[in-house]
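Chemist: Dropping the structure in here first, questions after.
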Amino acid sequence: MPTQFESLALFGMSRLALTTMVAAAFFYALAYLCSRLLLKLRSPMPYPYPPGPPAPSLILGHFGRLPMKKPWLAYMEMAKTYGDLIYFRSLKEHIIILNSHEAANDLLEKQARFTSDRPFGYALDSYVGWNDVVTLMCYSDRWRKARRTSHQNLSPEAVLKYRIIQVEKVHQFLQRLISSPSSGEIFHLIGRVSQSIMMSAIYGLNLEITSESKQDDTAQAARDIDDFGDRLLLPGGNTYKSIPFIHYLPFIFPFLPFSRMENSAKTTLKALKDEPFEASMKAWASGSSSSLVGQLVSEAKIRYRDEGKSEYLAEIESIKSMGLTALAGELQSLLSFL
């Protein structure tokens, strides 16, 4: 138990940290307004932004006002007024909604060299661990290495070697399907067979295909991560990450609702990344099962020999990221199909 003096010291430190963050946010807003005014005076944009709803706030823009529930319906309605391109500004982020196939093709396909990137590059993403998911990494040497690992082992040609596993799991699924007549049980079985194939192919772990609603920790973690990611990938869903020093909040004030959400995502991502990997390596070491992860780690040990080298550690991180991305992506693909 802390003494009264220690409690007062901790309280004083918390107040000091909060005051510092508020002051930093204020000066950030002031500097942002000044920089916008200077830019408009010195170098006005040669072309205006596309039309869009007027911003409710000069500083915040449309922050907190973008549709989050069934946004496609709201944007489809806005297109009747503003056209195929709709512009929003949320804090310092400029957001353009593409409301037609033609507009998306012109900007995202023909101009991919300039428009292709990831929205996850903030300090808060590093704290939570979103930058461990290959599809969310910003373009970098780390991304190229992780993408190469994933492509070499999970491409359409590479997964042909897992055909035996797929056939075995589908047979188990069909046997369970006969005794699971309700629609809820069938939906659960479809999810289980997909997860079971992925866990067996990548980690060599057997995930039982059953109609029971109880899920193992890994399957539930994958579903939780999918829920977190869905909210963040919506336009304006992750703008709050650009607020200065916000990545310190989950650590300094863990009791805040925002902090609990971010810390929960961090815990879930870490569990999904590390726990199947560790279980797979334990099974590989005991000889009870073979796996893609065990094979890749063994090859890395032979290639680098020194397990303390940065190259070896980077290789292990790429393997972990491949597995994490596969588990998270498998659930997203399944839910999109259903």
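Residues are referred to by chain and number: the chain letter is A, B, ... according to the order shown in the structure tokens, the number counts from 1 in that chain, and ligands are numbered separately from 1 in the order shown.
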List the neighbours of stretch 301-314 of chain A out to 12 Å using only C-alpha atoms; skip same-chain residues closer than 5 positions along the sequence, and give me the result as a list of chain:residue names.

Modeler: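 My reading of the contact set: A:Asp132, A:Asp141, A:Arg142, A:Trp143, A:Arg144, A:Lys145, A:Ala146, A:Thr149, A:Gly294, A:Gln295, A:Leu296, A:Ile319, A:Lys320, A:Ser321.
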
Chemist: Those selected residues, please, written with N, CA, C and O atoms and delivered as a compact mmCIF listing (two decimals), in the first residue's frame.

Modeler:
```txt
# COMPACT_ATOMS: atom_id res chain seq x y z
N ASP A 132 1.65 -4.53 -36.55
CA ASP A 132 2.11 -5.91 -36.70
C ASP A 132 1.27 -6.67 -37.73
O ASP A 132 1.64 -7.78 -38.11
N ASP A 141 10.63 -1.06 -45.31
CA ASP A 141 11.41 -2.29 -45.46
C ASP A 141 10.78 -3.41 -44.63
O ASP A 141 10.78 -4.59 -45.04
N ARG A 142 10.26 -3.06 -43.45
CA ARG A 142 9.62 -4.07 -42.60
C ARG A 142 8.38 -4.63 -43.29
O ARG A 142 8.13 -5.83 -43.23
N TRP A 143 7.60 -3.75 -43.90
CA TRP A 143 6.42 -4.21 -44.63
C TRP A 143 6.80 -5.11 -45.79
O TRP A 143 6.18 -6.15 -46.02
N ARG A 144 7.84 -4.73 -46.54
CA ARG A 144 8.25 -5.53 -47.69
C ARG A 144 8.70 -6.93 -47.25
O ARG A 144 8.41 -7.92 -47.92
N LYS A 145 9.40 -7.00 -46.12
CA LYS A 145 9.87 -8.30 -45.63
C LYS A 145 8.69 -9.16 -45.18
O LYS A 145 8.61 -10.36 -45.51
N ALA A 146 7.76 -8.55 -44.43
CA ALA A 146 6.60 -9.30 -43.95
C ALA A 146 5.70 -9.72 -45.12
O ALA A 146 5.16 -10.84 -45.13
N THR A 149 7.28 -12.72 -46.90
CA THR A 149 7.07 -13.95 -46.14
C THR A 149 5.66 -14.48 -46.34
O THR A 149 5.45 -15.69 -46.55
N GLY A 294 6.74 -23.69 -37.60
CA GLY A 294 7.91 -24.41 -37.14
C GLY A 294 8.95 -24.58 -38.22
O GLY A 294 10.16 -24.44 -37.97
N GLN A 295 8.51 -24.85 -39.44
CA GLN A 295 9.43 -25.00 -40.56
C GLN A 295 10.17 -23.70 -40.86
O GLN A 295 11.39 -23.70 -41.06
N LEU A 296 9.43 -22.58 -40.88
CA LEU A 296 10.05 -21.29 -41.18
C LEU A 296 11.05 -20.87 -40.10
O LEU A 296 12.11 -20.33 -40.40
N ILE A 319 7.41 -13.75 -39.43
CA ILE A 319 6.64 -15.00 -39.35
C ILE A 319 5.43 -14.81 -38.44
O ILE A 319 4.31 -15.25 -38.76
N LYS A 320 5.63 -14.14 -37.30
CA LYS A 320 4.51 -13.87 -36.41
C LYS A 320 3.46 -12.99 -37.07
O LYS A 320 2.25 -13.22 -36.93
N SER A 321 3.92 -11.96 -37.80
CA SER A 321 3.00 -11.06 -38.48
C SER A 321 2.20 -11.80 -39.55
O SER A 321 1.01 -11.52 -39.76
```

Chemist: List as a CSV table (one decimal) with N, CA and C atoms, in the first residue's frame the protein and nucleic acid residues near A:Asp125, meaning an atom at most 10 Å away when only C-alpha atoms are counted, but skip any in the same chain fewer than 3 places from it.

Modeler:
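Saved the output as around.csv:
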```
chain,number,residue,atom,x,y,z
A,119,PRO,N,-3.6,3.7,-43.5
A,119,PRO,CA,-4.0,4.7,-42.6
A,119,PRO,C,-3.5,4.5,-41.2
A,120,PHE,N,-2.6,3.5,-41.0
A,120,PHE,CA,-2.1,3.1,-39.7
A,120,PHE,C,-0.7,3.5,-39.6
A,121,GLY,N,-0.3,4.7,-39.2
A,121,GLY,CA,1.1,5.1,-39.1
A,121,GLY,C,1.3,6.0,-37.9
A,122,TYR,N,0.4,6.0,-36.9
A,122,TYR,CA,0.5,6.9,-35.8
A,122,TYR,C,1.2,6.2,-34.6
A,128,VAL,N,-0.5,0.1,-29.6
A,128,VAL,CA,-1.5,-1.0,-29.6
A,128,VAL,C,-1.0,-2.3,-30.3
A,129,GLY,N,-0.3,-2.1,-31.4
A,129,GLY,CA,0.2,-3.2,-32.2
A,129,GLY,C,-0.4,-3.4,-33.5
A,130,TRP,N,-1.2,-2.4,-34.0
A,130,TRP,CA,-1.8,-2.5,-35.3
A,130,TRP,C,-0.7,-2.7,-36.4
A,131,ASN,N,0.5,-2.1,-36.2
A,131,ASN,CA,1.5,-2.2,-37.2
A,131,ASN,C,2.2,-3.5,-37.3
A,132,ASP,N,1.7,-4.5,-36.5
A,132,ASP,CA,2.1,-5.9,-36.7
A,132,ASP,C,1.3,-6.7,-37.7
A,136,LEU,N,-2.0,-3.7,-42.6
A,136,LEU,CA,-2.1,-2.4,-42.1
A,136,LEU,C,-0.8,-1.7,-41.9
A,137,MET,N,0.3,-2.3,-42.2
A,137,MET,CA,1.7,-1.7,-42.1
A,137,MET,C,1.8,-0.6,-43.2
A,238,ASN,N,-10.3,6.7,-37.4
A,238,ASN,CA,-9.1,6.7,-36.6
A,238,ASN,C,-8.4,8.1,-36.6
A,241,LYS,N,-6.3,9.6,-33.6
A,241,LYS,CA,-4.9,9.2,-33.3
A,241,LYS,C,-3.9,10.3,-33.7
A,247,HIS,N,-1.2,9.0,-27.5
A,247,HIS,CA,-0.7,7.6,-27.2
A,247,HIS,C,-0.2,7.4,-25.8
A,262,GLU,N,-8.3,0.9,-26.0
A,262,GLU,CA,-7.0,0.7,-26.7
A,262,GLU,C,-6.2,-0.3,-26.0
A,266,LYS,N,-4.8,-3.8,-27.5
A,266,LYS,CA,-3.4,-4.2,-27.4
A,266,LYS,C,-3.2,-5.6,-26.9
```

Chemist: Provide the atom CA of A:Lys273 to atom CA of A:Ala123 distance in Å, to one decimal place.

Modeler: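 Calculated distance between atom CA of A:Lys273 and atom CA of A:Ala123 is 19.4 Å.
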
Chemist: I need the residues in stretch 108-263 of chain A that are alpha helix (DSSP H) according to DSSP; give them as a ChimeraX atom specification.

Modeler: /A:112-115,123-128,141-154,163-178,183-198,217-233,249-252,257-263

Chemist: Compile the contact shell of A:Leu154 as a compact mmCIF listing (two decimals) with N, CA, C and O atoms, in the first residue's frame: residues with an atom at most 12 Å away, counting only C-alpha atoms, same-chain residues fewer than 6 positions apart removed.

Modeler:
```
# COMPACT_ATOMS: atom_id res chain seq x y z
N ALA A 146 7.76 -8.55 -44.43
CA ALA A 146 6.60 -9.30 -43.95
C ALA A 146 5.70 -9.72 -45.12
O ALA A 146 5.16 -10.84 -45.13
N ARG A 147 5.56 -8.85 -46.11
CA ARG A 147 4.72 -9.18 -47.26
C ARG A 147 5.35 -10.32 -48.06
O ARG A 147 4.65 -11.21 -48.57
N ARG A 148 6.68 -10.30 -48.20
CA ARG A 148 7.37 -11.37 -48.93
C ARG A 148 7.18 -12.71 -48.22
O ARG A 148 6.93 -13.74 -48.88
N LEU A 160 -1.58 -24.91 -52.09
CA LEU A 160 -2.00 -26.21 -52.64
C LEU A 160 -1.51 -27.36 -51.77
O LEU A 160 -2.15 -28.42 -51.71
N LYS A 161 -0.40 -27.16 -51.07
CA LYS A 161 0.13 -28.23 -50.22
C LYS A 161 -0.73 -28.47 -48.97
O LYS A 161 -0.52 -29.45 -48.25
N TYR A 162 -1.68 -27.56 -48.72
CA TYR A 162 -2.57 -27.74 -47.57
C TYR A 162 -3.90 -28.37 -47.99
O TYR A 162 -4.85 -28.39 -47.20
N MET A 198 -7.10 -22.87 -40.94
CA MET A 198 -6.00 -21.91 -40.80
C MET A 198 -5.07 -22.29 -39.65
O MET A 198 -3.84 -22.25 -39.79
N ALA A 201 -3.05 -25.48 -40.70
CA ALA A 201 -2.09 -25.27 -41.78
C ALA A 201 -0.90 -24.45 -41.34
O ALA A 201 0.25 -24.77 -41.65
N ILE A 202 -1.14 -23.37 -40.60
CA ILE A 202 -0.06 -22.45 -40.23
C ILE A 202 0.65 -22.88 -38.95
O ILE A 202 1.88 -22.88 -38.87
N LEU A 292 3.80 -24.94 -40.61
CA LEU A 292 4.49 -23.95 -41.44
C LEU A 292 5.36 -23.05 -40.58
O LEU A 292 6.51 -22.75 -40.92
N VAL A 293 4.82 -22.62 -39.43
CA VAL A 293 5.58 -21.74 -38.53
C VAL A 293 6.84 -22.43 -38.04
O VAL A 293 7.94 -21.84 -38.05
N ILE A 319 7.41 -13.75 -39.43
CA ILE A 319 6.64 -15.00 -39.35
C ILE A 319 5.43 -14.81 -38.44
O ILE A 319 4.31 -15.25 -38.76
N MET A 322 2.86 -12.73 -40.23
CA MET A 322 2.16 -13.52 -41.24
C MET A 322 1.01 -14.31 -40.60
O MET A 322 -0.12 -14.33 -41.11
N GLY A 323 1.29 -14.97 -39.47
CA GLY A 323 0.25 -15.75 -38.80
C GLY A 323 -0.86 -14.87 -38.26
O GLY A 323 -2.05 -15.19 -38.40
N THR A 325 -1.81 -11.91 -39.35
CA THR A 325 -2.59 -11.38 -40.48
C THR A 325 -3.49 -12.45 -41.07
O THR A 325 -4.63 -12.17 -41.45
N ALA A 326 -2.99 -13.67 -41.15
CA ALA A 326 -3.80 -14.75 -41.70
C ALA A 326 -5.02 -15.04 -40.84
O ALA A 326 -6.13 -15.23 -41.35
N LEU A 327 -4.84 -15.06 -39.52
CA LEU A 327 -5.97 -15.33 -38.63
C LEU A 327 -7.00 -14.21 -38.68
O LEU A 327 -8.21 -14.46 -38.73
N GLY A 329 -7.36 -11.95 -41.13
CA GLY A 329 -7.92 -11.86 -42.47
C GLY A 329 -8.87 -12.99 -42.79
O GLY A 329 -9.84 -12.81 -43.54
N GLU A 330 -8.62 -14.17 -42.23
CA GLU A 330 -9.51 -15.31 -42.47
C GLU A 330 -10.91 -15.03 -41.96
O GLU A 330 -11.91 -15.29 -42.64
```

Chemist: I'd like the interatomic distance between atom CA of A:Phe258 and atom CA of A:Ile96, to a tenth of an Å.

Modeler: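 These atoms are spaced 26.4 Å apart.
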
Chemist: Using DSSP on the backbone, list every residue of stretch 39-228 of chain A that comes out as strand (DSSP E), and give them as a PDB file with all heavy atoms, in the first residue's frame.

Modeler:
```pdb
ATOM      1  N   LEU A  85     -17.438  12.655 -55.724  1.00  0.00           N
ATOM      2  CA  LEU A  85     -16.356  12.944 -54.782  1.00  0.00           C
ATOM      3  C   LEU A  85     -16.890  13.863 -53.693  1.00  0.00           C
ATOM      4  O   LEU A  85     -17.390  14.954 -53.992  1.00  0.00           O
ATOM      5  CB  LEU A  85     -15.167  13.605 -55.491  1.00  0.00           C
ATOM      6  CG  LEU A  85     -14.505  12.820 -56.627  1.00  0.00           C
ATOM      7  CD1 LEU A  85     -13.350  13.622 -57.202  1.00  0.00           C
ATOM      8  CD2 LEU A  85     -14.014  11.477 -56.134  1.00  0.00           C
ATOM      9  N   ILE A  86     -16.780  13.422 -52.445  1.00  0.00           N
ATOM     10  CA  ILE A  86     -17.266  14.209 -51.313  1.00  0.00           C
ATOM     11  C   ILE A  86     -16.100  14.464 -50.365  1.00  0.00           C
ATOM     12  O   ILE A  86     -15.400  13.523 -49.975  1.00  0.00           O
ATOM     13  CB  ILE A  86     -18.397  13.487 -50.563  1.00  0.00           C
ATOM     14  CG1 ILE A  86     -19.516  13.095 -51.539  1.00  0.00           C
ATOM     15  CG2 ILE A  86     -18.953  14.366 -49.452  1.00  0.00           C
ATOM     16  CD1 ILE A  86     -20.618  12.290 -50.898  1.00  0.00           C
ATOM     17  N   TYR A  87     -15.895  15.717 -49.988  1.00  0.00           N
ATOM     18  CA  TYR A  87     -14.735  16.097 -49.174  1.00  0.00           C
ATOM     19  C   TYR A  87     -15.138  16.363 -47.721  1.00  0.00           C
ATOM     20  O   TYR A  87     -16.160  16.995 -47.450  1.00  0.00           O
ATOM     21  CB  TYR A  87     -14.082  17.349 -49.753  1.00  0.00           C
ATOM     22  CG  TYR A  87     -13.035  17.967 -48.858  1.00  0.00           C
ATOM     23  CD1 TYR A  87     -11.776  17.375 -48.725  1.00  0.00           C
ATOM     24  CD2 TYR A  87     -13.306  19.119 -48.133  1.00  0.00           C
ATOM     25  CE1 TYR A  87     -10.815  17.925 -47.894  1.00  0.00           C
ATOM     26  CE2 TYR A  87     -12.348  19.683 -47.300  1.00  0.00           C
ATOM     27  CZ  TYR A  87     -11.108  19.074 -47.182  1.00  0.00           C
ATOM     28  OH  TYR A  87     -10.159  19.622 -46.359  1.00  0.00           O
ATOM     29  N   PHE A  88     -14.296  15.855 -46.808  1.00  0.00           N
ATOM     30  CA  PHE A  88     -14.434  16.135 -45.384  1.00  0.00           C
ATOM     31  C   PHE A  88     -13.049  16.482 -44.828  1.00  0.00           C
ATOM     32  O   PHE A  88     -12.031  16.010 -45.342  1.00  0.00           O
ATOM     33  CB  PHE A  88     -14.972  14.929 -44.605  1.00  0.00           C
ATOM     34  CG  PHE A  88     -16.348  14.490 -45.001  1.00  0.00           C
ATOM     35  CD1 PHE A  88     -16.522  13.512 -45.976  1.00  0.00           C
ATOM     36  CD2 PHE A  88     -17.470  15.038 -44.402  1.00  0.00           C
ATOM     37  CE1 PHE A  88     -17.780  13.091 -46.340  1.00  0.00           C
ATOM     38  CE2 PHE A  88     -18.740  14.621 -44.760  1.00  0.00           C
ATOM     39  CZ  PHE A  88     -18.900  13.654 -45.737  1.00  0.00           C
ATOM     40  N   ARG A  89     -13.021  17.274 -43.763  1.00  0.00           N
ATOM     41  CA  ARG A  89     -11.788  17.489 -43.009  1.00  0.00           C
ATOM     42  C   ARG A  89     -12.059  17.151 -41.563  1.00  0.00           C
ATOM     43  O   ARG A  89     -12.944  17.718 -40.929  1.00  0.00           O
ATOM     44  CB  ARG A  89     -11.300  18.935 -43.110  1.00  0.00           C
ATOM     45  CG  ARG A  89      -9.992  19.156 -42.312  1.00  0.00           C
ATOM     46  CD  ARG A  89      -9.508  20.583 -42.394  1.00  0.00           C
ATOM     47  NE  ARG A  89     -10.418  21.525 -41.777  1.00  0.00           N
ATOM     48  CZ  ARG A  89     -10.482  21.763 -40.457  1.00  0.00           C
ATOM     49  NH1 ARG A  89      -9.694  21.102 -39.618  1.00  0.00           N
ATOM     50  NH2 ARG A  89     -11.341  22.650 -39.981  1.00  0.00           N
ATOM     51  N   SER A  90     -11.301  16.191 -41.037  1.00  0.00           N
ATOM     52  CA  SER A  90     -11.429  15.785 -39.644  1.00  0.00           C
ATOM     53  C   SER A  90     -10.107  16.066 -38.951  1.00  0.00           C
ATOM     54  O   SER A  90      -9.093  15.409 -39.238  1.00  0.00           O
ATOM     55  CB  SER A  90     -11.780  14.297 -39.561  1.00  0.00           C
ATOM     56  OG  SER A  90     -12.007  13.902 -38.228  1.00  0.00           O
ATOM     57  N   GLU A  93      -6.783  15.824 -40.945  1.00  0.00           N
ATOM     58  CA  GLU A  93      -6.869  14.848 -42.016  1.00  0.00           C
ATOM     59  C   GLU A  93      -7.891  15.282 -43.069  1.00  0.00           C
ATOM     60  O   GLU A  93      -8.990  15.724 -42.724  1.00  0.00           O
ATOM     61  CB  GLU A  93      -7.250  13.470 -41.463  1.00  0.00           C
ATOM     62  CG  GLU A  93      -6.135  12.783 -40.723  1.00  0.00           C
ATOM     63  CD  GLU A  93      -6.439  11.314 -40.493  1.00  0.00           C
ATOM     64  OE1 GLU A  93      -7.595  10.914 -40.687  1.00  0.00           O
ATOM     65  OE2 GLU A  93      -5.501  10.581 -40.123  1.00  0.00           O
ATOM     66  N   HIS A  94      -7.513  15.143 -44.331  1.00  0.00           N
ATOM     67  CA  HIS A  94      -8.405  15.437 -45.436  1.00  0.00           C
ATOM     68  C   HIS A  94      -8.936  14.114 -45.983  1.00  0.00           C
ATOM     69  O   HIS A  94      -8.165  13.224 -46.355  1.00  0.00           O
ATOM     70  CB  HIS A  94      -7.666  16.210 -46.535  1.00  0.00           C
ATOM     71  CG  HIS A  94      -7.072  17.502 -46.045  1.00  0.00           C
ATOM     72  ND1 HIS A  94      -7.814  18.643 -45.877  1.00  0.00           N
ATOM     73  CD2 HIS A  94      -5.808  17.813 -45.651  1.00  0.00           C
ATOM     74  CE1 HIS A  94      -7.046  19.619 -45.422  1.00  0.00           C
ATOM     75  NE2 HIS A  94      -5.819  19.133 -45.270  1.00  0.00           N
ATOM     76  N   ILE A  95     -10.231  13.979 -46.015  1.00  0.00           N
ATOM     77  CA  ILE A  95     -10.891  12.713 -46.386  1.00  0.00           C
ATOM     78  C   ILE A  95     -11.752  12.937 -47.615  1.00  0.00           C
ATOM     79  O   ILE A  95     -12.542  13.889 -47.667  1.00  0.00           O
ATOM     80  CB  ILE A  95     -11.770  12.187 -45.228  1.00  0.00           C
ATOM     81  CG1 ILE A  95     -10.905  11.965 -43.975  1.00  0.00           C
ATOM     82  CG2 ILE A  95     -12.480  10.908 -45.627  1.00  0.00           C
ATOM     83  CD1 ILE A  95     -11.712  11.666 -42.728  1.00  0.00           C
ATOM     84  N   ILE A  96     -11.583  12.076 -48.608  1.00  0.00           N
ATOM     85  CA  ILE A  96     -12.388  12.145 -49.822  1.00  0.00           C
ATOM     86  C   ILE A  96     -13.127  10.825 -49.986  1.00  0.00           C
ATOM     87  O   ILE A  96     -12.518   9.752 -49.999  1.00  0.00           O
ATOM     88  CB  ILE A  96     -11.524  12.432 -51.064  1.00  0.00           C
ATOM     89  CG1 ILE A  96     -10.894  13.826 -50.959  1.00  0.00           C
ATOM     90  CG2 ILE A  96     -12.361  12.333 -52.339  1.00  0.00           C
ATOM     91  CD1 ILE A  96      -9.996  14.182 -52.109  1.00  0.00           C
ATOM     92  N   ILE A  97     -14.420  10.892 -50.072  1.00  0.00           N
ATOM     93  CA  ILE A  97     -15.264   9.721 -50.272  1.00  0.00           C
ATOM     94  C   ILE A  97     -15.481   9.520 -51.771  1.00  0.00           C
ATOM     95  O   ILE A  97     -15.889  10.446 -52.476  1.00  0.00           O
ATOM     96  CB  ILE A  97     -16.622   9.890 -49.563  1.00  0.00           C
ATOM     97  CG1 ILE A  97     -16.421  10.191 -48.068  1.00  0.00           C
ATOM     98  CG2 ILE A  97     -17.484   8.649 -49.751  1.00  0.00           C
ATOM     99  CD1 ILE A  97     -15.708   9.103 -47.308  1.00  0.00           C
ATOM    100  N   LEU A  98     -15.184   8.314 -52.247  1.00  0.00           N
ATOM    101  CA  LEU A  98     -15.380   7.975 -53.658  1.00  0.00           C
ATOM    102  C   LEU A  98     -16.717   7.245 -53.784  1.00  0.00           C
ATOM    103  O   LEU A  98     -16.878   6.157 -53.239  1.00  0.00           O
ATOM    104  CB  LEU A  98     -14.235   7.102 -54.165  1.00  0.00           C
ATOM    105  CG  LEU A  98     -12.824   7.658 -53.936  1.00  0.00           C
ATOM    106  CD1 LEU A  98     -11.776   6.691 -54.463  1.00  0.00           C
ATOM    107  CD2 LEU A  98     -12.671   9.019 -54.588  1.00  0.00           C
TER     108      LEU A  98
END
```
